[in-house]
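Asker: I'm passing along input-v8.cif; it holds mmCIF, C-alpha atoms.
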```cif
data_work
loop_
_atom_site.label_atom_id
_atom_site.label_comp_id
_atom_site.auth_asym_id
_atom_site.auth_seq_id
_atom_site.Cartn_x
_atom_site.Cartn_y
_atom_site.Cartn_z
CA MET A 1 19.81 26.85 5.58
CA ILE A 2 17.74 25.79 8.59
CA ILE A 3 17.25 22.10 9.41
CA SER A 4 14.24 21.37 11.64
CA PHE A 5 13.10 18.18 13.35
CA LEU A 6 9.39 17.74 14.10
CA PHE A 7 6.88 15.12 15.21
CA SER A 8 3.54 14.83 13.47
CA SER A 9 0.41 14.56 15.64
CA PRO A 10 -3.37 14.81 15.09
CA ASP A 11 -3.22 18.21 16.78
CA GLY A 12 -0.39 19.55 14.61
CA ASP A 13 3.39 19.50 14.57
CA ILE A 14 5.36 19.08 17.78
CA SER A 15 8.87 20.46 18.12
CA PRO A 16 10.91 17.98 20.19
CA SER A 17 12.76 19.14 23.26
CA ALA A 18 16.26 18.03 24.18
CA GLU A 19 14.68 15.50 26.51
CA ASP A 20 12.46 14.17 23.73
CA LEU A 21 15.48 13.61 21.49
CA GLU A 22 17.09 11.48 24.21
CA LYS A 23 14.10 9.12 24.41
CA PRO A 24 14.68 5.65 22.94
CA PHE A 25 14.19 5.20 19.21
CA LEU A 26 11.44 2.67 18.50
CA ILE A 27 12.37 -0.27 16.27
CA SER A 28 8.66 -1.12 16.19
CA PRO A 29 5.70 0.45 18.04
CA SER A 30 6.37 -1.67 21.14
CA MET A 31 10.13 -2.26 20.90
CA PRO A 32 12.60 0.47 21.96
CA HIS A 33 16.15 0.29 20.65
CA PRO A 34 18.61 -0.81 23.35
CA TYR A 35 20.82 2.28 23.03
CA LEU A 36 19.83 4.55 20.11
CA ALA A 37 17.80 7.68 20.85
CA LEU A 38 15.37 9.65 18.68
CA GLY A 39 18.04 12.25 18.15
CA ASP A 40 20.29 9.59 16.62
CA TYR A 41 17.58 8.76 14.09
CA PHE A 42 17.04 12.41 13.13
CA ASN A 43 20.79 12.98 12.80
CA ALA A 44 21.15 9.88 10.61
CA ALA A 45 18.33 11.09 8.37
CA ARG A 46 19.88 14.55 8.09
CA SER A 47 23.31 13.14 7.26
CA PHE A 48 21.84 10.74 4.69
CA LEU A 49 20.09 13.57 2.86
CA LEU A 50 22.54 16.44 3.22
CA GLU A 51 25.89 14.63 3.19
CA ASP A 52 25.39 11.35 1.34
CA HIS A 53 22.73 12.23 -1.25
CA TRP A 54 22.53 16.01 -1.55
CA ASP A 55 22.76 15.99 -5.35
CA GLY A 56 20.14 13.25 -5.46
CA LEU A 57 17.81 15.33 -3.29
CA LEU A 58 18.23 18.34 -5.59
CA ASN A 59 17.57 16.16 -8.63
CA ALA A 60 14.48 14.65 -7.00
CA SER A 61 13.20 18.16 -6.26
CA HIS A 62 13.72 19.07 -9.92
CA ASP A 63 12.03 15.89 -11.16
CA GLN A 64 9.02 16.45 -8.94
CA THR A 65 7.92 19.66 -10.69
CA GLY A 66 10.18 19.98 -13.72
CA LYS A 67 11.59 23.24 -12.37
CA PRO A 68 15.28 23.55 -11.41
CA CYS A 69 16.04 23.47 -7.70
CA ARG A 70 19.32 25.20 -6.80
CA GLU A 71 21.04 24.87 -3.47
CA GLU A 72 21.17 28.61 -2.84
CA GLU A 73 17.38 28.85 -3.15
CA ILE A 74 16.72 26.44 -0.29
CA ARG A 75 16.03 28.15 3.02
CA LYS A 76 14.68 25.35 5.18
CA ILE A 77 14.47 21.55 5.33
CA ILE A 78 11.98 19.93 7.71
CA ILE A 79 12.35 16.27 8.69
CA ARG A 80 9.07 15.28 10.31
CA SER A 81 8.58 11.94 12.05
CA GLU A 82 5.21 10.67 10.78
CA LYS A 83 4.67 7.03 11.66
CA GLN A 84 6.36 4.02 13.25
CA GLY A 85 5.24 0.73 11.74
CA ALA A 86 6.12 -2.89 12.31
CA PHE A 87 9.02 -2.69 9.83
CA TYR A 88 9.72 0.95 9.07
CA HIS A 89 9.90 4.43 10.45
CA VAL A 90 8.31 6.91 8.02
CA ALA A 91 9.16 10.60 7.92
CA SER A 92 8.22 13.41 5.59
CA VAL A 93 10.91 15.69 4.17
CA GLU A 94 9.90 19.23 3.22
CA ILE A 95 12.12 21.56 1.25
CA GLU A 96 11.18 25.22 1.46
CA GLY A 97 12.62 28.35 -0.06
CA ARG A 98 11.97 31.24 -2.39
CA GLU A 99 9.34 29.90 -4.81
CA ILE A 100 10.24 26.35 -3.70
CA SER A 101 7.99 23.86 -1.96
CA ARG A 102 8.74 20.14 -2.20
CA LYS A 103 7.74 17.18 -0.05
CA PHE A 104 9.03 13.61 0.02
CA SER A 105 8.65 10.42 2.05
CA LEU A 106 11.72 9.07 3.84
CA VAL A 107 11.41 5.41 4.87
CA ALA A 108 13.90 4.03 7.40
CA ALA A 109 14.66 0.41 8.31
CA MET A 110 17.27 -0.81 10.76
CA THR A 111 16.88 -4.50 11.55
CA GLU A 112 18.36 -7.11 9.24
CA LYS A 113 14.85 -8.30 8.32
CA SER A 114 13.39 -4.84 7.73
CA ARG A 115 16.38 -3.75 5.64
CA ALA A 116 15.95 -6.82 3.44
CA VAL A 117 12.24 -6.05 3.08
CA LEU A 118 13.02 -2.44 2.16
CA GLU A 119 15.54 -3.51 -0.48
CA ARG A 120 12.98 -5.89 -1.98
CA GLU A 121 10.30 -3.20 -2.00
CA CYS A 122 12.64 -0.76 -3.72
CA GLU A 123 13.44 -3.30 -6.45
CA THR A 124 9.76 -4.21 -6.85
CA LEU A 125 8.65 -0.60 -7.15
CA GLY A 126 11.30 0.08 -9.77
CA PHE A 127 10.32 -3.00 -11.76
CA LEU A 128 6.60 -2.19 -11.70
CA HIS A 129 7.16 1.42 -12.70
CA ASN A 130 9.07 0.22 -15.75
CA ARG A 131 6.37 -2.36 -16.55
CA ARG A 132 3.42 -0.01 -16.06
CA PRO A 133 4.59 3.63 -15.77
CA SER A 134 1.04 4.88 -15.18
CA SER A 135 0.60 2.71 -12.08
CA THR A 136 -0.69 4.15 -8.82
CA LEU A 137 2.51 3.30 -6.95
CA PRO A 138 4.75 6.01 -5.46
CA ARG A 139 7.81 7.04 -7.42
CA ILE A 140 11.17 6.13 -5.87
CA TYR A 141 14.24 8.40 -5.99
CA PHE A 142 17.20 6.86 -4.19
CA ARG A 143 18.15 4.42 -1.44
CA GLY A 144 21.23 3.96 0.74
CA ASP A 145 22.66 3.18 4.17
CA ARG A 146 23.88 5.47 6.90
CA ASP A 147 25.85 4.40 9.97
CA ILE A 148 25.24 6.03 13.32
CA VAL A 149 27.72 5.74 16.19
CA ARG A 150 26.79 6.16 19.84
CA GLY A 151 29.60 5.64 22.28
CA ASN A 152 31.52 2.59 21.09
CA GLN A 153 28.50 1.03 19.37
CA LYS A 154 27.42 1.34 15.75
CA GLU A 155 24.05 0.85 14.08
CA THR A 156 23.03 1.09 10.42
CA PHE A 157 19.91 2.70 9.01
CA SER A 158 18.70 1.90 5.51
CA PHE A 159 16.83 4.82 3.95
CA LEU A 160 14.59 5.17 0.89
CA LEU A 161 13.45 8.52 -0.48
CA GLU A 162 10.23 8.31 -2.46
CA GLU A 163 7.19 10.28 -3.50
CA TRP A 164 5.04 11.72 -0.74
CA LEU A 165 1.39 11.02 -1.54
CA GLU A 166 0.14 14.50 -0.78
CA GLY A 167 -3.56 14.75 0.02
CA TYR A 168 -3.99 10.99 0.44
CA HIS A 169 -5.22 9.39 3.63
CA GLU A 170 -5.43 5.99 5.27
CA TRP A 171 -8.80 4.45 6.04
CA HIS A 172 -9.83 1.74 8.47
CA VAL A 173 -12.94 0.00 9.69
CA THR A 174 -14.28 0.97 13.11
CA ARG A 175 -17.41 0.49 15.26
CA ASP A 176 -19.67 2.92 17.03
CA GLY A 177 -21.05 2.54 20.53
CA THR A 178 -23.84 0.24 19.32
CA GLY A 179 -21.40 -2.12 17.55
CA ARG A 180 -22.34 -0.91 14.06
CA GLN A 181 -19.40 -1.14 11.68
CA TYR A 182 -18.42 1.68 9.38
CA LEU A 183 -15.39 2.89 7.41
CA ASN A 184 -13.38 5.87 8.65
CA ILE A 185 -11.23 8.05 6.35
CA TRP A 186 -8.24 9.29 8.35
CA ASP A 187 -7.99 12.83 6.98
CA GLN A 188 -5.24 14.38 9.08
CA GLY A 189 -6.05 17.89 7.86
CA LYS A 190 -9.85 18.06 8.06
CA GLY A 191 -10.44 15.33 10.59
CA TYR A 192 -11.72 11.76 10.39
CA TYR A 193 -15.04 11.17 8.62
CA THR A 194 -17.27 8.23 7.69
CA ALA A 195 -17.26 6.98 4.11
CA SER A 196 -20.63 7.18 2.36
CA ASP A 197 -22.04 4.10 0.66
CA LYS A 198 -20.96 5.51 -2.71
CA LEU A 199 -17.44 6.26 -1.51
CA PHE A 200 -17.22 2.83 0.15
CA PHE A 201 -18.05 1.16 -3.18
CA GLN A 202 -15.66 3.35 -5.19
CA LEU A 203 -12.82 2.66 -2.78
CA PHE A 204 -12.97 -1.12 -3.16
CA HIS A 205 -13.73 -0.88 -6.88
CA GLN A 206 -10.57 1.15 -7.52
CA ALA A 207 -8.46 -0.94 -5.17
CA ALA A 208 -9.44 -4.14 -7.03
CA ARG A 209 -8.87 -2.46 -10.40
CA THR A 210 -5.41 -1.28 -9.28
CA LEU A 211 -4.27 -4.72 -8.14
CA THR A 212 -5.61 -6.39 -11.30
CA LEU A 213 -3.86 -3.90 -13.59
CA LEU A 214 -0.57 -4.87 -11.90
CA TYR A 215 -1.21 -8.60 -12.43
CA ASP A 216 1.04 -10.36 -14.98
CA PRO A 217 -0.94 -12.85 -17.13
CA GLU A 218 2.25 -14.58 -18.33
CA THR A 219 3.74 -15.39 -14.94
CA ALA A 220 0.74 -14.89 -12.60
CA CYS A 221 2.98 -12.51 -10.61
CA GLN A 222 1.03 -10.03 -8.50
CA VAL A 223 1.62 -7.45 -5.79
CA ARG A 224 1.72 -9.40 -2.54
CA PRO A 225 1.55 -9.33 0.38
CA TRP A 226 -0.68 -6.31 0.95
CA HIS A 227 -2.83 -5.43 3.95
CA HIS A 228 -5.51 -2.84 4.63
CA ALA A 229 -4.34 -2.86 8.26
CA ALA A 230 -0.94 -1.58 7.15
CA GLY A 231 -2.49 1.32 5.24
CA ASP A 232 -1.33 -0.08 1.89
CA PHE A 233 -4.19 1.71 0.10
CA VAL A 234 -4.81 5.41 0.58
CA ILE A 235 -7.58 7.66 -0.74
CA GLY A 236 -7.56 11.24 -1.99
CA ASN A 237 -9.04 13.75 -4.47
CA LEU A 238 -12.59 13.58 -3.22
CA LYS A 239 -14.11 16.54 -5.15
CA ASP A 240 -15.33 14.50 -8.11
CA GLU A 241 -14.25 10.87 -7.86
CA PRO A 242 -11.83 9.47 -5.28
CA SER A 243 -8.35 8.47 -6.30
CA ILE A 244 -6.96 5.29 -4.76
CA ARG A 245 -3.23 4.66 -4.62
CA LEU A 246 -1.00 1.89 -3.31
CA THR A 247 1.61 3.14 -0.88
CA THR A 248 4.06 0.34 -1.67
CA ALA A 249 4.65 -3.09 -3.19
CA ARG A 250 6.44 -5.45 -0.81
CA GLY A 251 6.83 -8.18 -3.39
CA TYR A 252 5.80 -9.39 -6.84
CA GLU A 253 5.34 -13.11 -7.19
CA PRO A 254 2.72 -15.77 -8.03
CA LEU A 255 0.19 -16.65 -5.37
CA LEU A 256 0.32 -20.34 -6.32
CA THR A 257 2.63 -22.15 -8.74
CA LEU A 258 0.68 -23.56 -11.66
CA PRO A 259 3.19 -24.30 -14.44
CA GLY A 260 2.31 -24.07 -18.12
CA LYS A 261 0.90 -21.39 -20.41
CA SER A 262 -2.24 -23.05 -21.73
CA PRO A 263 -5.52 -21.06 -21.73
CA GLU A 264 -6.76 -23.33 -18.95
CA LYS A 265 -3.74 -22.52 -16.74
CA THR A 266 -4.18 -18.80 -17.45
CA LEU A 267 -7.79 -19.00 -16.30
CA ALA A 268 -6.92 -21.09 -13.23
CA ASN A 269 -4.23 -18.63 -12.13
CA LEU A 270 -6.60 -15.73 -12.69
CA LEU A 271 -9.30 -17.50 -10.66
CA PHE A 272 -7.01 -17.92 -7.65
CA PHE A 273 -5.96 -14.27 -7.92
CA PHE A 274 -9.59 -13.14 -8.02
CA LEU A 275 -10.75 -15.37 -5.16
CA ASP A 276 -7.84 -14.38 -2.96
CA MET A 277 -8.29 -10.67 -3.67
CA GLY A 278 -11.97 -10.85 -2.76
CA VAL A 279 -11.18 -12.35 0.65
CA ARG A 280 -8.25 -10.08 1.46
CA MET A 281 -10.29 -6.99 0.57
CA ARG A 282 -12.49 -7.84 3.54
CA LEU A 283 -9.69 -8.00 6.14
CA ASP A 284 -8.63 -5.08 8.29
CA ARG A 285 -7.76 -4.39 11.91
CA LEU A 286 -10.32 -2.48 13.90
CA ASP A 287 -9.17 1.16 14.01
CA GLY A 288 -6.06 0.03 12.13
CA VAL A 289 -4.36 -1.49 15.17
CA SER A 290 -6.81 -3.67 17.09
CA GLU A 291 -8.23 -7.13 16.35
CA VAL A 292 -8.51 -8.56 12.84
CA THR A 293 -11.94 -7.71 11.46
CA TRP A 294 -14.07 -8.90 8.54
CA ILE A 295 -15.30 -5.81 6.70
CA GLU A 296 -19.03 -5.88 6.14
CA GLY A 297 -20.86 -4.29 3.24
CA ASN A 298 -21.11 -4.35 -0.54
CA ILE A 299 -17.43 -5.17 -1.13
CA LEU A 300 -17.70 -8.16 -3.46
CA ALA A 301 -19.77 -6.31 -6.06
CA ALA A 302 -17.19 -3.51 -6.06
CA VAL A 303 -14.32 -6.01 -6.37
CA MET A 304 -16.00 -7.79 -9.30
CA GLU A 305 -16.64 -4.56 -11.18
CA GLY A 306 -13.10 -3.30 -10.55
CA PHE A 307 -11.60 -6.64 -11.59
CA PHE A 308 -13.51 -6.83 -14.87
CA ALA A 309 -12.88 -3.14 -15.61
CA ALA A 310 -9.15 -3.85 -15.34
CA LEU A 311 -9.48 -6.93 -17.58
CA ASN A 312 -11.10 -4.78 -20.26
CA THR A 313 -8.22 -2.29 -20.06
CA MET A 314 -5.65 -5.08 -20.25
CA ILE A 315 -7.42 -6.65 -23.25
CA HIS A 316 -7.18 -3.31 -25.04
CA GLU A 317 -3.50 -3.01 -24.12
CA GLY A 318 -2.73 -6.50 -25.43
CA TYR A 319 -1.99 -8.20 -22.10
CA PHE A 320 -4.93 -10.62 -22.43
CA ARG A 321 -6.69 -12.28 -25.35
CA GLU A 322 -9.98 -10.65 -26.36
CA THR A 323 -12.17 -13.41 -24.92
CA ILE A 324 -10.61 -13.55 -21.44
CA ALA A 325 -13.37 -11.64 -19.63
CA ARG A 326 -16.14 -13.80 -21.11
CA ASP A 327 -14.14 -16.98 -20.58
CA PHE A 328 -13.45 -16.10 -16.96
CA LEU A 329 -17.05 -15.19 -16.19
CA ASP A 330 -18.23 -18.43 -17.78
CA LEU A 331 -15.75 -20.34 -15.61
CA LEU A 332 -16.89 -18.54 -12.49
CA LYS A 333 -20.55 -19.20 -13.25
CA SER A 334 -19.83 -22.90 -13.76
CA PHE A 335 -18.99 -23.37 -10.06
CA SER A 336 -21.61 -24.43 -7.57
CA PRO A 337 -21.26 -23.14 -3.97
CA PRO A 338 -19.62 -26.39 -2.74
CA GLU A 339 -17.25 -26.33 -5.72
CA LEU A 340 -16.24 -22.75 -4.95
CA ILE A 341 -15.56 -23.69 -1.34
CA SER A 342 -13.30 -26.47 -2.68
CA ALA A 343 -11.60 -24.00 -5.00
CA PHE A 344 -10.47 -22.06 -1.92
CA GLU A 345 -8.67 -25.07 -0.44
CA PRO A 346 -5.28 -24.34 -2.12
CA LEU A 347 -5.50 -20.79 -0.71
CA ILE A 348 -6.00 -21.85 2.91
CA GLU A 349 -2.29 -22.55 3.34
CA THR A 350 -1.47 -19.00 2.27
CA TYR A 351 -3.98 -17.66 4.82
CA GLN A 352 -2.24 -19.65 7.55
CA GLN A 353 0.85 -17.54 6.92
CA GLY A 354 -1.11 -14.52 8.18
CA GLY A 355 -1.47 -16.03 11.64
CA GLN A 356 -4.20 -17.85 13.52
CA GLU A 357 -6.29 -14.74 14.22
CA GLU A 358 -6.56 -13.90 10.53
CA LEU A 359 -7.18 -17.53 9.53
CA THR A 360 -9.97 -17.89 12.09
CA ILE A 361 -11.77 -14.80 10.79
CA ILE A 362 -11.50 -16.02 7.19
CA MET A 363 -12.77 -19.51 7.93
CA GLU A 364 -15.69 -18.18 9.97
CA ASN A 365 -16.81 -15.91 7.16
CA LEU A 366 -15.86 -17.93 4.07
CA PRO A 367 -19.22 -19.79 3.67
CA GLY A 368 -21.20 -16.54 3.67
CA HIS A 369 -18.61 -14.93 1.39
CA VAL A 370 -18.96 -17.75 -1.14
CA GLU A 371 -22.74 -17.60 -0.96
CA GLU A 372 -22.62 -13.88 -1.73
CA LEU A 373 -20.19 -14.47 -4.60
CA CYS A 374 -22.46 -17.13 -6.11
CA SER A 375 -25.40 -14.74 -6.02
CA LEU A 376 -23.41 -11.95 -7.65
CA LYS A 377 -21.85 -14.01 -10.42
CA GLU A 378 -25.20 -15.29 -11.69
CA ASN A 379 -26.46 -11.76 -12.33
CA PHE A 380 -23.18 -10.14 -13.39
CA ALA A 381 -23.10 -8.65 -16.90
CA LEU A 382 -19.97 -7.71 -18.81
CA SER A 383 -19.49 -4.16 -20.03
CA ASN A 384 -17.94 -3.35 -23.39
CA PRO A 385 -14.13 -3.08 -23.53
CA PRO A 386 -12.67 0.41 -23.91
CA SER A 387 -11.96 1.58 -27.43
CA GLY A 388 -9.34 3.91 -28.78
CA SER A 389 -5.92 4.66 -27.37
#
```
Hey, can you dump this file as structure tokens for me?
Answerer:
Amino acid sequence: MIISFLFSSPDGDISPSAEDLEKPFLISPSMPHPYLALGDYFNAARSFLLEDHWDGLLNASHDQTGKPCREEEIRKIIIRSEKQGAFYHVASVEIEGREISRKFSLVAAMTEKSRAVLERECETLGFLHNRRPSSTLPRIYFRGDRDIVRGNQKETFSFLLEEWLEGYHEWHVTRDGTGRQYLNIWDQGKGYYTASDKLFFQLFHQAARTLTLLYDPETACQVRPWHHAAGDFVIGNLKDEPSIRLTTARGYEPLLTLPGKSPEKTLANLLFFFLDMGVRMRLDRLDGVSEVTWIEGNILAAVMEGFFAALNTMIHEGYFRETIARDFLDLLKSFSPPELISAFEPLIETYQQGGQEELTIIMENLPGHVEELCSLKENFALSNPPSGS
């Protein structure tokens, strides 16, 4: 069995040289590890998969397609470094052999903070899969730690093996030479391309629907935090209608704490969820890495339609009472523009947690955002809930 290490690049795979493997491992995009090299990371990943969790890897390969995967059939395993983020290093793991082709995502964390975040994500993903098995979240397989020793020093990697979202791509807002803003789909196979108006609307519609379907009416728990800048939503399957998936769930908790289970509290919690989602849908970093940017375009209409589409589904599934969509729309329509601005006040503190740059962008654009919301809500009409099973 051949074990290969590769680097992913826009121009194709790169096979690292011995010198490349001795370069410092990056804890984050701008922070090299004080003594670990890239080769140490690759060796830790290989040992984690082949020595610590070999049976788990075989079982995951079986679960992925339903067909048995035997050790003797495997000819090659490729560990490909894909992306270094603020918290994690992400690699793909390909298993190849006679009539075998499997691909997984291997997430690595090594600081105390990032390992804690990874553990929380793993628990959250497992919980949400049990709560809503048909969710758009990636399936998780197994997690564990692997020590790596270099000289007389030791470091620990935490790894998580999960589903690789094959055929799905990040997207980010960008600007052309004239300053015009548009949305770029980062298709690594066919090249980057600009989202059409229709695709733009579908993307935000499905993203809002996904987040709302994962909302818990009883506790007001929701997937948070999430960020477009981190590539938390990806898009694929563009032949007929795009498919939007969440790449992770870092946490699941209420946005604000409003105790009680009265219908009024249910509506208030849902209002804060809706208002917050509408604002956060409009935040990205230019080209995914540059300054925080307010996304222009017909986002709010897409968010409203996706939100109410999810409410209809949840009414049918018994999560909400039958009148919740009408009650919520009536509540929303009862607000004047100044009252809606006031309704955002409890959310401002949560926006401060995102840093001054993000808060400044929100506060600059909030009046126009509220004005647009007021215009939309007056003309919004409810569709009929889904019927049947």
Asker: Run the PyMOL selection byres ((chain A and resi 146) around 9) on the file and write out the hits as a list in words.
Answerer: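 Applying the expression gives Ala44, Ala45, Ser47, Phe48, Asp52, Gly144, Asp145, Asp147, Ile148, Glu155, Thr156, Phe157, Ser158 and Phe159 of chain A.
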Asker: Apply the PyMOL selection byres ((chain A and resi 172) around 12) to the structure shown and report the selected residues as a PDB file with C-alpha atoms, in the coordinates of the input.
Answerer:
```pdb
ATOM      1  CA  HIS A 169      -5.220   9.390   3.630  1.00  0.00           C
ATOM      2  CA  GLU A 170      -5.430   5.990   5.270  1.00  0.00           C
ATOM      3  CA  TRP A 171      -8.800   4.450   6.040  1.00  0.00           C
ATOM      4  CA  VAL A 173     -12.940   0.000   9.690  1.00  0.00           C
ATOM      5  CA  THR A 174     -14.280   0.970  13.110  1.00  0.00           C
ATOM      6  CA  ARG A 175     -17.410   0.490  15.260  1.00  0.00           C
ATOM      7  CA  GLN A 181     -19.400  -1.140  11.680  1.00  0.00           C
ATOM      8  CA  TYR A 182     -18.420   1.680   9.380  1.00  0.00           C
ATOM      9  CA  LEU A 183     -15.390   2.890   7.410  1.00  0.00           C
ATOM     10  CA  ASN A 184     -13.380   5.870   8.650  1.00  0.00           C
ATOM     11  CA  ILE A 185     -11.230   8.050   6.350  1.00  0.00           C
ATOM     12  CA  TRP A 186      -8.240   9.290   8.350  1.00  0.00           C
ATOM     13  CA  ASP A 187      -7.990  12.830   6.980  1.00  0.00           C
ATOM     14  CA  TYR A 192     -11.720  11.760  10.390  1.00  0.00           C
ATOM     15  CA  TYR A 193     -15.040  11.170   8.620  1.00  0.00           C
ATOM     16  CA  THR A 194     -17.270   8.230   7.690  1.00  0.00           C
ATOM     17  CA  ALA A 195     -17.260   6.980   4.110  1.00  0.00           C
ATOM     18  CA  PHE A 200     -17.220   2.830   0.150  1.00  0.00           C
ATOM     19  CA  LEU A 203     -12.820   2.660  -2.780  1.00  0.00           C
ATOM     20  CA  HIS A 227      -2.830  -5.430   3.950  1.00  0.00           C
ATOM     21  CA  HIS A 228      -5.510  -2.840   4.630  1.00  0.00           C
ATOM     22  CA  ALA A 229      -4.340  -2.860   8.260  1.00  0.00           C
ATOM     23  CA  ALA A 230      -0.940  -1.580   7.150  1.00  0.00           C
ATOM     24  CA  GLY A 231      -2.490   1.320   5.240  1.00  0.00           C
ATOM     25  CA  ASP A 232      -1.330  -0.080   1.890  1.00  0.00           C
ATOM     26  CA  PHE A 233      -4.190   1.710   0.100  1.00  0.00           C
ATOM     27  CA  VAL A 234      -4.810   5.410   0.580  1.00  0.00           C
ATOM     28  CA  ILE A 235      -7.580   7.660  -0.740  1.00  0.00           C
ATOM     29  CA  MET A 281     -10.290  -6.990   0.570  1.00  0.00           C
ATOM     30  CA  ARG A 282     -12.490  -7.840   3.540  1.00  0.00           C
ATOM     31  CA  LEU A 283      -9.690  -8.000   6.140  1.00  0.00           C
ATOM     32  CA  ASP A 284      -8.630  -5.080   8.290  1.00  0.00           C
ATOM     33  CA  ARG A 285      -7.760  -4.390  11.910  1.00  0.00           C
ATOM     34  CA  LEU A 286     -10.320  -2.480  13.900  1.00  0.00           C
ATOM     35  CA  ASP A 287      -9.170   1.160  14.010  1.00  0.00           C
ATOM     36  CA  GLY A 288      -6.060   0.030  12.130  1.00  0.00           C
ATOM     37  CA  VAL A 289      -4.360  -1.490  15.170  1.00  0.00           C
ATOM     38  CA  SER A 290      -6.810  -3.670  17.090  1.00  0.00           C
ATOM     39  CA  GLU A 291      -8.230  -7.130  16.350  1.00  0.00           C
ATOM     40  CA  VAL A 292      -8.510  -8.560  12.840  1.00  0.00           C
ATOM     41  CA  THR A 293     -11.940  -7.710  11.460  1.00  0.00           C
ATOM     42  CA  TRP A 294     -14.070  -8.900   8.540  1.00  0.00           C
ATOM     43  CA  ILE A 295     -15.300  -5.810   6.700  1.00  0.00           C
TER      44      ILE A 295
END
```
Asker: Quick one: residues within 12 Å of Ala268 (chain A), only C-alpha atoms, excluding same-chain residues fewer than 3 positions away - as a PDB file with C-alpha atoms, keeping the file's coordinate frame?
Answerer:
```pdb
ATOM      1  CA  PRO A 217      -0.940 -12.850 -17.130  1.00  0.00           C
ATOM      2  CA  ALA A 220       0.740 -14.890 -12.600  1.00  0.00           C
ATOM      3  CA  LEU A 255       0.190 -16.650  -5.370  1.00  0.00           C
ATOM      4  CA  LEU A 256       0.320 -20.340  -6.320  1.00  0.00           C
ATOM      5  CA  THR A 257       2.630 -22.150  -8.740  1.00  0.00           C
ATOM      6  CA  LEU A 258       0.680 -23.560 -11.660  1.00  0.00           C
ATOM      7  CA  PRO A 259       3.190 -24.300 -14.440  1.00  0.00           C
ATOM      8  CA  GLY A 260       2.310 -24.070 -18.120  1.00  0.00           C
ATOM      9  CA  LYS A 261       0.900 -21.390 -20.410  1.00  0.00           C
ATOM     10  CA  SER A 262      -2.240 -23.050 -21.730  1.00  0.00           C
ATOM     11  CA  PRO A 263      -5.520 -21.060 -21.730  1.00  0.00           C
ATOM     12  CA  GLU A 264      -6.760 -23.330 -18.950  1.00  0.00           C
ATOM     13  CA  LYS A 265      -3.740 -22.520 -16.740  1.00  0.00           C
ATOM     14  CA  LEU A 271      -9.300 -17.500 -10.660  1.00  0.00           C
ATOM     15  CA  PHE A 272      -7.010 -17.920  -7.650  1.00  0.00           C
ATOM     16  CA  PHE A 273      -5.960 -14.270  -7.920  1.00  0.00           C
ATOM     17  CA  PHE A 274      -9.590 -13.140  -8.020  1.00  0.00           C
ATOM     18  CA  LEU A 275     -10.750 -15.370  -5.160  1.00  0.00           C
ATOM     19  CA  ILE A 324     -10.610 -13.550 -21.440  1.00  0.00           C
ATOM     20  CA  ASP A 327     -14.140 -16.980 -20.580  1.00  0.00           C
ATOM     21  CA  PHE A 328     -13.450 -16.100 -16.960  1.00  0.00           C
ATOM     22  CA  LEU A 331     -15.750 -20.340 -15.610  1.00  0.00           C
ATOM     23  CA  LEU A 332     -16.890 -18.540 -12.490  1.00  0.00           C
ATOM     24  CA  ALA A 343     -11.600 -24.000  -5.000  1.00  0.00           C
ATOM     25  CA  PHE A 344     -10.470 -22.060  -1.920  1.00  0.00           C
ATOM     26  CA  PRO A 346      -5.280 -24.340  -2.120  1.00  0.00           C
TER      27      PRO A 346
END
```
Asker: Distance CA of Asn312 (chain A)-CA of Arg209 (chain A), one decimal place?
Answerer: 10.4 Å
Asker: Could you please determine the separation between CA of Leu6 (chain A) and CA of Arg80 (chain A) in Å, to one decimal place?
Answerer: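 Taking CA of Leu6 (chain A) as the start and CA of Arg80 (chain A) as the end point, the length is 4.5 Å.
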Asker: Given the point (5.6, 17.1, -1.1) in the coordinates of this file, which residues lie within 7 Å, counting only C-alpha atoms, and how would they look as a PyMOL selection string?
Answerer: chain A and resi 94+102-104+164+166
Asker: Record the distance separating CA of Arg280 (chain A) and CA of Arg180 (chain A), expressed in Å with one decimal.
Answerer: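 Between CA of Arg280 (chain A) and CA of Arg180 (chain A) the gap is 21.0 Å.
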Asker: Neighbours of Lys113 (chain A) within 12 Å (only C-alpha atoms; same-chain residues fewer than 2 positions away dropped), as a PyMOL selection string?
Answerer: chain A and resi 27+86-88+109-111+115-120+158
Asker: When you look at Leu165 (chain A) with a cut-off of 12 Å (counting all atoms listed in the file), what residues show up, excluding the ones that are within fewer than 2 positions of it in the same chain? I need them as JSON, numbers by chain.
Answerer: {"A": [64, 92, 102, 103, 104, 105, 106, 136, 137, 138, 139, 140, 162, 163, 167, 168, 169, 170, 232, 233, 234, 235, 236, 237, 243, 244, 245, 246, 247, 248]}
Asker: Please write out, as JSON, where the centre of an axis-aligned box around all listed atoms of region 155-162 of chain A lies and how long its edges are, in Å to one decimal, after adding 8 Å on each side.
Answerer:
```
{"center_x": 17.1, "center_y": 4.7, "center_z": 5.8, "size_x": 29.8, "size_y": 23.7, "size_z": 32.5}
```
Asker: Give the answer as one residue: which of A:Ser101, A:Thr313, A:Thr178, A:Asn298 has the shortest atom-to-atom distance to Glu372 (chain A), using all atoms listed in the file?
Answerer: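 Comparing A:Ser101, A:Thr313, A:Thr178, A:Asn298 against Glu372 (chain A), the winner is A:Asn298.
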Asker: Which residue out of A:Met31, A:Leu311, A:Ala301, A:Ile14 has the minimum interatomic distance to Ser375 (chain A) when only C-alpha atoms are used?
Answerer: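 Comparing A:Met31, A:Leu311, A:Ala301, A:Ile14 against Ser375 (chain A), the winner is A:Ala301.
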